[in-house]
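Below is input-v3.txt, which holds compact mmCIF, C-alpha atoms.
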# COMPACT_ATOMS: atom_id res chain seq x y z
CA MET A 1 -12.24 10.71 34.97
CA ILE A 2 -10.11 10.08 31.88
CA ASP A 3 -9.62 13.11 29.67
CA PHE A 4 -10.31 11.52 26.27
CA VAL A 5 -11.03 14.83 24.61
CA GLY A 6 -7.85 16.47 25.88
CA LYS A 7 -5.78 13.78 24.17
CA ARG A 8 -7.81 13.77 20.96
CA VAL A 9 -4.99 15.25 18.85
CA TRP A 10 -2.80 12.23 19.62
CA PHE A 11 -5.50 9.72 18.78
CA VAL A 12 -6.69 11.50 15.65
CA GLY A 13 -3.07 11.96 14.56
CA ALA A 14 -2.33 8.26 15.02
CA SER A 15 -5.45 7.37 13.04
CA ALA A 16 -4.47 9.78 10.26
CA ILE A 17 -1.06 8.10 9.99
CA LEU A 18 -2.67 4.64 9.85
CA VAL A 19 -5.20 5.78 7.23
CA VAL A 20 -2.43 7.23 5.03
CA ALA A 21 -0.39 4.04 5.45
CA SER A 22 -3.43 1.93 4.51
CA VAL A 23 -4.10 4.02 1.41
CA LEU A 24 -0.46 3.65 0.36
CA LEU A 25 -0.62 -0.12 0.87
CA LEU A 26 -3.77 -0.24 -1.27
CA THR A 27 -2.49 1.98 -4.07
CA VAL A 28 1.29 1.82 -4.41
CA GLY A 29 1.86 -1.19 -2.15
CA PRO A 30 1.04 -4.84 -2.82
CA GLY A 31 -2.71 -4.19 -2.78
CA LEU A 32 -5.46 -6.56 -1.73
CA ASN A 33 -5.21 -10.28 -2.41
CA GLU A 34 -8.40 -10.52 -4.43
CA GLY A 35 -10.21 -13.84 -4.59
CA ILE A 36 -11.93 -15.21 -7.67
CA ASP A 37 -15.15 -13.46 -6.63
CA PHE A 38 -13.41 -10.24 -7.68
CA THR A 39 -10.97 -11.33 -10.37
CA GLY A 40 -12.75 -14.28 -11.97
CA GLY A 41 -11.14 -17.68 -12.29
CA THR A 42 -11.31 -21.20 -10.90
CA SER A 43 -10.37 -22.28 -7.40
CA THR A 44 -9.65 -25.93 -6.64
CA SER A 45 -9.25 -27.69 -3.30
CA LEU A 46 -7.03 -30.79 -3.47
CA GLN A 47 -6.55 -33.55 -0.92
CA PHE A 48 -3.68 -36.05 -1.24
CA ASP A 49 -3.46 -39.32 0.67
CA ASP A 50 0.30 -38.74 0.79
CA THR A 51 0.85 -35.92 3.30
CA ASN A 52 4.43 -35.44 2.07
CA VAL A 53 3.35 -33.90 -1.24
CA GLU A 54 5.05 -30.51 -1.69
CA THR A 55 3.84 -27.31 -3.31
CA ASP A 56 6.31 -27.75 -6.17
CA ASP A 57 4.84 -31.20 -6.86
CA VAL A 58 1.37 -29.73 -7.22
CA ARG A 59 2.72 -26.91 -9.38
CA SER A 60 4.23 -29.52 -11.71
CA VAL A 61 0.85 -31.24 -12.06
CA PHE A 62 -0.92 -28.01 -12.98
CA SER A 63 1.87 -27.06 -15.39
CA GLN A 64 1.25 -30.33 -17.22
CA ALA A 65 -2.42 -29.35 -17.48
CA GLY A 66 -1.52 -25.95 -18.97
CA PHE A 67 -1.73 -23.79 -15.83
CA ALA A 68 1.89 -22.94 -15.11
CA ASP A 69 0.87 -19.62 -13.50
CA ALA A 70 -1.43 -21.25 -10.92
CA THR A 71 -1.38 -19.81 -7.40
CA ILE A 72 -0.88 -22.70 -5.00
CA GLN A 73 -1.28 -22.61 -1.22
CA SER A 74 -0.62 -25.53 1.11
CA THR A 75 -3.22 -25.79 3.88
CA GLY A 76 -1.54 -28.70 5.68
CA ASP A 77 -1.90 -32.48 5.89
CA GLY A 78 -1.71 -33.02 2.15
CA SER A 79 -4.32 -30.35 1.38
CA PHE A 80 -3.84 -27.57 -1.16
CA PHE A 81 -5.81 -24.59 -2.41
CA ILE A 82 -5.15 -23.66 -6.05
CA ARG A 83 -6.34 -20.64 -8.02
CA THR A 84 -6.07 -20.44 -11.81
CA GLU A 85 -7.64 -18.62 -14.72
CA VAL A 86 -11.09 -19.89 -15.66
CA GLN A 87 -11.07 -23.64 -16.36
CA GLY A 88 -13.53 -24.92 -18.93
CA GLU A 89 -14.72 -28.52 -18.95
CA SER A 90 -11.81 -29.55 -21.19
CA ALA A 91 -9.26 -27.87 -18.91
CA GLN A 92 -10.74 -29.54 -15.84
CA ASN A 93 -10.44 -32.90 -17.59
CA ASP A 94 -6.78 -32.09 -18.31
CA VAL A 95 -6.20 -31.36 -14.62
CA GLU A 96 -7.92 -34.61 -13.67
CA ALA A 97 -5.76 -36.56 -16.11
CA ALA A 98 -2.55 -34.92 -14.85
CA LEU A 99 -3.48 -35.77 -11.26
CA ASN A 100 -4.20 -39.41 -12.16
CA ARG A 101 -0.85 -39.72 -13.95
CA ALA A 102 1.14 -38.27 -11.08
CA TYR A 103 -0.87 -39.66 -8.13
CA PRO A 104 -3.18 -42.44 -9.36
CA GLY A 105 -6.07 -42.92 -6.95
CA THR A 106 -4.51 -40.84 -4.19
CA ALA A 107 -5.50 -37.29 -5.18
CA LYS A 108 -9.03 -35.92 -4.91
CA ARG A 109 -10.45 -32.57 -5.97
CA THR A 110 -12.74 -31.92 -3.04
CA GLU A 111 -14.11 -28.63 -4.36
CA VAL A 112 -13.99 -26.71 -7.65
CA THR A 113 -15.45 -23.20 -7.97
CA THR A 114 -15.49 -21.12 -11.15
CA VAL A 115 -16.46 -17.44 -11.41
CA GLY A 116 -16.59 -15.69 -14.79
CA LYS A 117 -15.12 -12.23 -15.35
CA THR A 118 -18.55 -10.62 -15.83
CA VAL A 119 -19.80 -12.01 -12.53
CA ALA A 120 -16.62 -10.82 -10.82
CA ASP A 121 -17.07 -7.29 -12.20
CA ASP A 122 -20.68 -7.27 -10.98
CA THR A 123 -19.50 -8.34 -7.52
CA VAL A 124 -17.09 -5.40 -7.31
CA SER A 125 -19.75 -2.94 -8.46
CA ASN A 126 -22.41 -4.32 -6.13
CA SER A 127 -20.02 -4.29 -3.17
CA ILE A 128 -19.19 -0.61 -3.64
CA GLN A 129 -22.86 0.25 -4.07
CA ALA A 130 -23.80 -1.67 -0.92
CA ILE A 131 -21.29 0.23 1.21
CA VAL A 132 -22.33 3.61 -0.25
CA VAL A 133 -26.03 2.87 0.28
CA ALA A 134 -25.31 1.75 3.85
CA ALA A 135 -23.51 5.05 4.54
CA VAL A 136 -26.42 7.08 3.14
CA PHE A 137 -28.98 5.23 5.25
CA ILE A 138 -26.80 5.67 8.32
CA ILE A 139 -26.81 9.45 7.83
CA LEU A 140 -30.59 9.46 7.31
CA PHE A 141 -31.19 7.30 10.37
CA LEU A 142 -29.02 9.47 12.60
CA LEU A 143 -30.70 12.62 11.29
CA TRP A 144 -34.01 11.12 12.41
CA ALA A 145 -32.74 9.64 15.69
CA PHE A 146 -31.03 12.89 16.76
CA ARG A 147 -33.56 15.27 15.22
CA SER A 148 -34.13 16.93 18.62
CA VAL A 149 -30.46 17.96 18.82
CA ARG A 150 -29.16 21.15 17.25
CA ALA A 151 -27.28 20.47 13.98
CA ALA A 152 -28.26 16.81 13.98
CA TYR A 153 -26.54 16.31 10.60
CA ARG A 154 -23.20 16.55 12.41
CA TYR A 155 -23.90 13.30 14.21
CA GLY A 156 -24.61 11.54 10.94
CA LEU A 157 -21.50 12.89 9.24
CA ALA A 158 -19.32 12.12 12.29
CA ALA A 159 -20.56 8.51 12.21
CA VAL A 160 -19.76 8.24 8.49
CA ILE A 161 -16.27 9.69 9.09
CA ALA A 162 -15.71 6.93 11.66
CA LEU A 163 -17.17 4.40 9.22
CA ILE A 164 -14.79 5.43 6.41
CA HIS A 165 -11.92 5.27 8.91
CA ASP A 166 -12.92 1.72 9.89
CA VAL A 167 -13.25 0.47 6.32
CA ILE A 168 -9.92 1.94 5.18
CA LEU A 169 -8.01 0.53 8.16
CA THR A 170 -9.65 -2.88 7.69
CA LEU A 171 -8.62 -2.88 4.01
CA GLY A 172 -5.08 -1.84 4.94
CA LEU A 173 -4.90 -4.63 7.50
CA PHE A 174 -6.04 -7.14 4.89
CA VAL A 175 -3.26 -6.07 2.56
CA ILE A 176 -0.81 -7.11 5.29
CA LEU A 177 -2.73 -10.32 6.09
CA GLY A 178 -2.77 -11.13 2.38
CA GLU A 179 1.02 -11.03 2.34
CA LEU A 180 1.43 -12.92 5.63
CA ILE A 181 -1.27 -15.61 5.54
CA ASN A 182 -2.73 -15.25 2.03
CA ALA A 183 -6.01 -13.78 3.35
CA GLU A 184 -8.34 -13.12 0.42
CA VAL A 185 -10.88 -10.43 -0.33
CA ASN A 186 -13.93 -12.32 -1.54
CA ALA A 187 -17.72 -12.32 -1.20
CA SER A 188 -17.55 -13.29 2.47
CA PHE A 189 -15.19 -10.36 3.05
CA ILE A 190 -17.88 -7.98 1.77
CA VAL A 191 -20.47 -9.59 4.02
CA GLY A 192 -18.06 -9.18 6.91
CA THR A 193 -17.38 -5.55 5.98
CA LEU A 194 -21.09 -4.72 5.96
CA THR A 195 -21.44 -6.44 9.32
CA VAL A 196 -18.57 -4.30 10.60
CA VAL A 197 -20.35 -1.19 9.30
CA GLY A 198 -23.41 -2.07 11.36
CA TYR A 199 -21.40 -2.92 14.45
CA SER A 200 -19.32 0.26 14.23
CA VAL A 201 -22.37 2.48 13.85
CA ASN A 202 -24.12 0.72 16.74
CA ASP A 203 -21.16 1.43 19.01
CA THR A 204 -21.04 5.04 17.82
CA ILE A 205 -24.76 5.52 18.49
CA VAL A 206 -24.29 4.32 22.08
CA VAL A 207 -21.75 7.12 22.62
CA PHE A 208 -23.79 9.72 20.75
CA ASP A 209 -26.92 8.85 22.71
CA ARG A 210 -25.04 9.50 25.94
CA VAL A 211 -23.83 12.83 24.53
CA ARG A 212 -27.40 13.79 23.65
CA GLU A 213 -28.70 12.98 27.13
CA ASN A 214 -25.92 14.92 28.84
CA VAL A 215 -26.46 17.92 26.55
CA ARG A 216 -30.05 18.03 27.75
CA LEU A 217 -29.03 18.03 31.42
CA GLY A 218 -27.24 21.36 31.47
CA THR A 219 -26.22 24.35 29.37
CA SER A 220 -23.38 25.83 31.41
CA ARG A 221 -20.77 23.21 30.54
CA THR A 222 -18.67 23.27 27.41
CA PHE A 223 -19.34 20.69 24.76
CA ARG A 224 -15.85 19.31 25.43
CA SER A 225 -16.75 18.43 29.03
CA VAL A 226 -20.10 16.95 27.98
CA VAL A 227 -18.48 14.64 25.43
CA ASN A 228 -15.73 13.67 27.86
CA GLN A 229 -18.26 12.78 30.53
CA SER A 230 -20.31 10.81 28.01
CA LEU A 231 -17.26 8.81 26.91
CA ASN A 232 -16.37 7.96 30.49
CA GLU A 233 -19.93 6.85 31.17
CA SER A 234 -20.22 4.66 28.08
CA ILE A 235 -16.71 3.25 27.64
CA MET A 236 -17.16 0.25 29.93
CA ARG A 237 -20.30 -0.77 28.08
CA SER A 238 -18.54 -0.43 24.73
CA LEU A 239 -15.45 -2.32 25.86
CA GLY A 240 -17.51 -5.04 27.56
CA THR A 241 -19.62 -5.65 24.46
CA SER A 242 -16.60 -5.62 22.17
CA PHE A 243 -14.57 -7.92 24.43
CA THR A 244 -17.26 -10.59 24.64
CA THR A 245 -17.86 -10.38 20.88
CA ALA A 246 -14.13 -10.70 20.20
CA ILE A 247 -13.88 -13.79 22.43
CA VAL A 248 -16.58 -15.55 20.40
CA ILE A 249 -14.90 -14.61 17.11
CA VAL A 250 -11.49 -15.83 18.31
CA ALA A 251 -13.05 -19.12 19.44
CA MET A 252 -14.60 -19.57 15.99
CA LEU A 253 -11.25 -18.75 14.37
CA LEU A 254 -9.53 -21.42 16.44
CA PHE A 255 -12.14 -24.16 16.03
CA GLY A 256 -14.30 -23.16 13.05
CA GLY A 257 -12.03 -24.35 10.27
CA GLY A 258 -10.42 -22.48 7.39
CA THR A 259 -13.60 -21.85 5.38
CA LEU A 260 -14.73 -18.98 7.60
CA ARG A 261 -11.26 -17.65 8.38
CA ASP A 262 -11.26 -14.52 6.23
CA PHE A 263 -14.83 -13.63 7.20
CA LEU A 264 -14.01 -13.95 10.90
CA LEU A 265 -10.80 -11.94 10.51
CA VAL A 266 -12.87 -9.08 9.05
CA LEU A 267 -15.26 -9.26 11.98
CA LEU A 268 -12.46 -9.31 14.54
CA ALA A 269 -10.70 -6.36 12.93
CA GLY A 270 -14.00 -4.50 12.70
CA VAL A 271 -14.85 -5.04 16.36
CA VAL A 272 -11.50 -3.67 17.51
CA ILE A 273 -11.29 -0.79 15.03
CA GLY A 274 -14.98 0.08 15.40
CA THR A 275 -14.75 0.33 19.18
CA TYR A 276 -11.69 2.55 18.85
CA SER A 277 -13.28 4.84 16.26
CA SER A 278 -16.51 5.37 18.20
CA ILE A 279 -14.49 6.80 21.10
CA PHE A 280 -11.50 8.43 19.45
CA ILE A 281 -12.81 9.41 16.01
CA ALA A 282 -16.60 9.89 15.92
CA ALA A 283 -16.91 11.62 19.29
CA GLN A 284 -13.81 13.74 18.68
CA ALA A 285 -15.18 14.83 15.30
CA LEU A 286 -18.17 16.28 17.15
CA VAL A 287 -15.87 18.20 19.50
CA PHE A 288 -13.76 19.60 16.65
CA TRP A 289 -16.90 20.66 14.85
CA GLU A 290 -18.62 22.20 17.88
CA GLU A 291 -15.72 24.01 19.48
CA ARG A 292 -13.91 25.28 16.45
CA GLY A 293 -16.59 25.24 13.82
CA PHE A 294 -13.53 24.45 11.65
CA PHE A 295 -12.57 28.12 12.06
CA GLY A 296 -11.20 28.28 15.60
CA ARG A 297 -14.35 29.28 17.49
CA ARG A 298 -15.34 27.75 20.81
CA LYS A 299 -18.96 27.50 21.81
CA ALA A 300 -20.83 26.49 24.91
CA VAL A 301 -23.38 23.73 24.73
CA GLU A 302 -26.82 24.87 23.74
CA ALA A 303 -29.66 22.78 25.04
CA SER A 304 -32.01 21.33 22.52
For the file at hand, write its structure as structure tokens.
Amino acid sequence: MIDFVGKRVWFVGASAILVVASVLLLTVGPGLNEGIDFTGGTSTSLQFDDTNVETDDVRSVFSQAGFADATIQSTGDGSFFIRTEVQGESAQNDVEAALNRAYPGTAKRTEVTTVGKTVADDTVSNSIQAIVVAAVFIILFLLWAFRSVRAAYRYGLAAVIALIHDVILTLGLFVILGELINAEVNASFIVGTLTVVGYSVNDTIVVFDRVRENVRLGTSRTFRSVVNQSLNESIMRSLGTSFTTAIVIVAMLLFGGGTLRDFLLVLLAGVVIGTYSSIFIAAQALVFWEERGFFGRRKAVEAS
């Protein structure tokens, strides 16, 4: 039997370091690469017949149209993704004219999306509210589901601690991915984050349910041994579920095209981080709380 609880200081310590690093990346580091859903602006997808067109060539075209500060990303085979400030109808006509002058008949704008600043601000506000509401309902659900267990609120709070851990690490990872592969935080990222919240809590509940059942079986064991036994009994199920889910996500990343890339990256990160946190964060939070009561006391398990 693996002694997960005995090594909890190492795992919690590693997580604390990663959380601090993520917060630093978000605050004093480069920060998230926010898409137009959050900042407002216009995104344009361009396709050139000439696959030798370079990023600087596209930048020159947009400079002619009055968008010298455009963010331009090559997506391969003559395709480019461009983000600018909001383009009105007149500005879009200027871009069209500049493209026709430089590449007559060989450049096509395959997609143009514009999001106003007000809509972007509403997206940020609604995203934060959605995550907060999800956390509140998670606590309420776990209070109801584990109502037969002494101090059931601890299970809800432990799950939310793991949830906050997962969200912060996912955001920190996306800061790095934004620098490396220009991964964006957009509306699909929020959908992915909320999906991760649900997946993480589901995995945590599997572990907690095992803890509850083992608590009911005997009162002579310490809570540490009960949690450790529960983790050993549930880990293969958690890893098996996470592994099969990750395989599907990786397959979609490889063959699903670039449109879903950022959404799938969130899911993949959430599956890995969520599985880790259910074992090494949520369950360990229960042990810290039960044994020390945050004041150094150790208690035996009391049957519900």
Return as a Markdown table the residues of segment 177-236 of chain A lying at most 9 Å from segment 162-169 of chain A, together with the closest atom-to-atom pair for each and the distance in Å to one decimal, counting all atoms listed in the file, with rows in chain order and ascending residue number.
| residue | atom | partner | partner_atom | distance |
| --- | --- | --- | --- | --- |
| A:Thr193 | CA | A:Val167 | CA | 7.3 |
| A:Val196 | CA | A:Asp166 | CA | 8.3 |
| A:Val197 | CA | A:Leu163 | CA | 6.4 |
| A:Ser200 | CA | A:Leu163 | CA | 6.8 |
| A:Val201 | CA | A:Leu163 | CA | 7.2 |
| A:Thr204 | CA | A:Ala162 | CA | 8.4 |
Next on the checklist: Please list as a PyMOL selection string every residue within 10 Å of segment 230-245 of chain A, counting only C-alpha atoms and excluding residues in the same chain fewer than 4 positions away.
Outcome noted: chain A and resi 1-5+199+202-204+206-215+224-226+249-250+267-268+270-272+274-276+278-280+283
Item to check | Near-Ile139 of chain A list (7 Å; all atoms listed in the file; drop same-chain fewer than 3 positions) as a list in words | outcome: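 What passes the distance filter is Ala135, Val136, Leu142, Leu143, Gly156 and Leu157 of chain A.
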Checklist entry - Counting only C-alpha atoms, which of A:Val191, A:Val185, A:Val9, A:Val53 gets nearest to Ala130 of chain A? => result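 Closest candidate: A:Val191.
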Item to check | Nearby residues (only C-alpha atoms) at most 12 Å from Asp69 of chain A, same-chain spacing under 2 positions excluded, as a PyMOL selection string | outcome: chain A and resi 58-67+71-72+82-85
Checklist entry - So which residues touch Phe189 of chain A within 12 Å, counting only C-alpha atoms, skipping near sequence neighbours fewer than 6 positions away, as a list in words? => result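 Once the adjacent positions are removed, what remains is Leu32, Asn33, Glu34, Gly35, Asp37, Phe38, Thr123, Val124, Ser127, Val167, Thr170, Leu171, Phe174, Ala183, Thr195, Val196, Thr259, Leu260, Arg261, Asp262, Phe263, Leu264, Leu265, Val266, Leu267, Leu268, Ala269 and Gly270 of chain A.
Atom CA of Lys7 of chain A is found 24.7 Å from atom CA of Leu217 of chain A.
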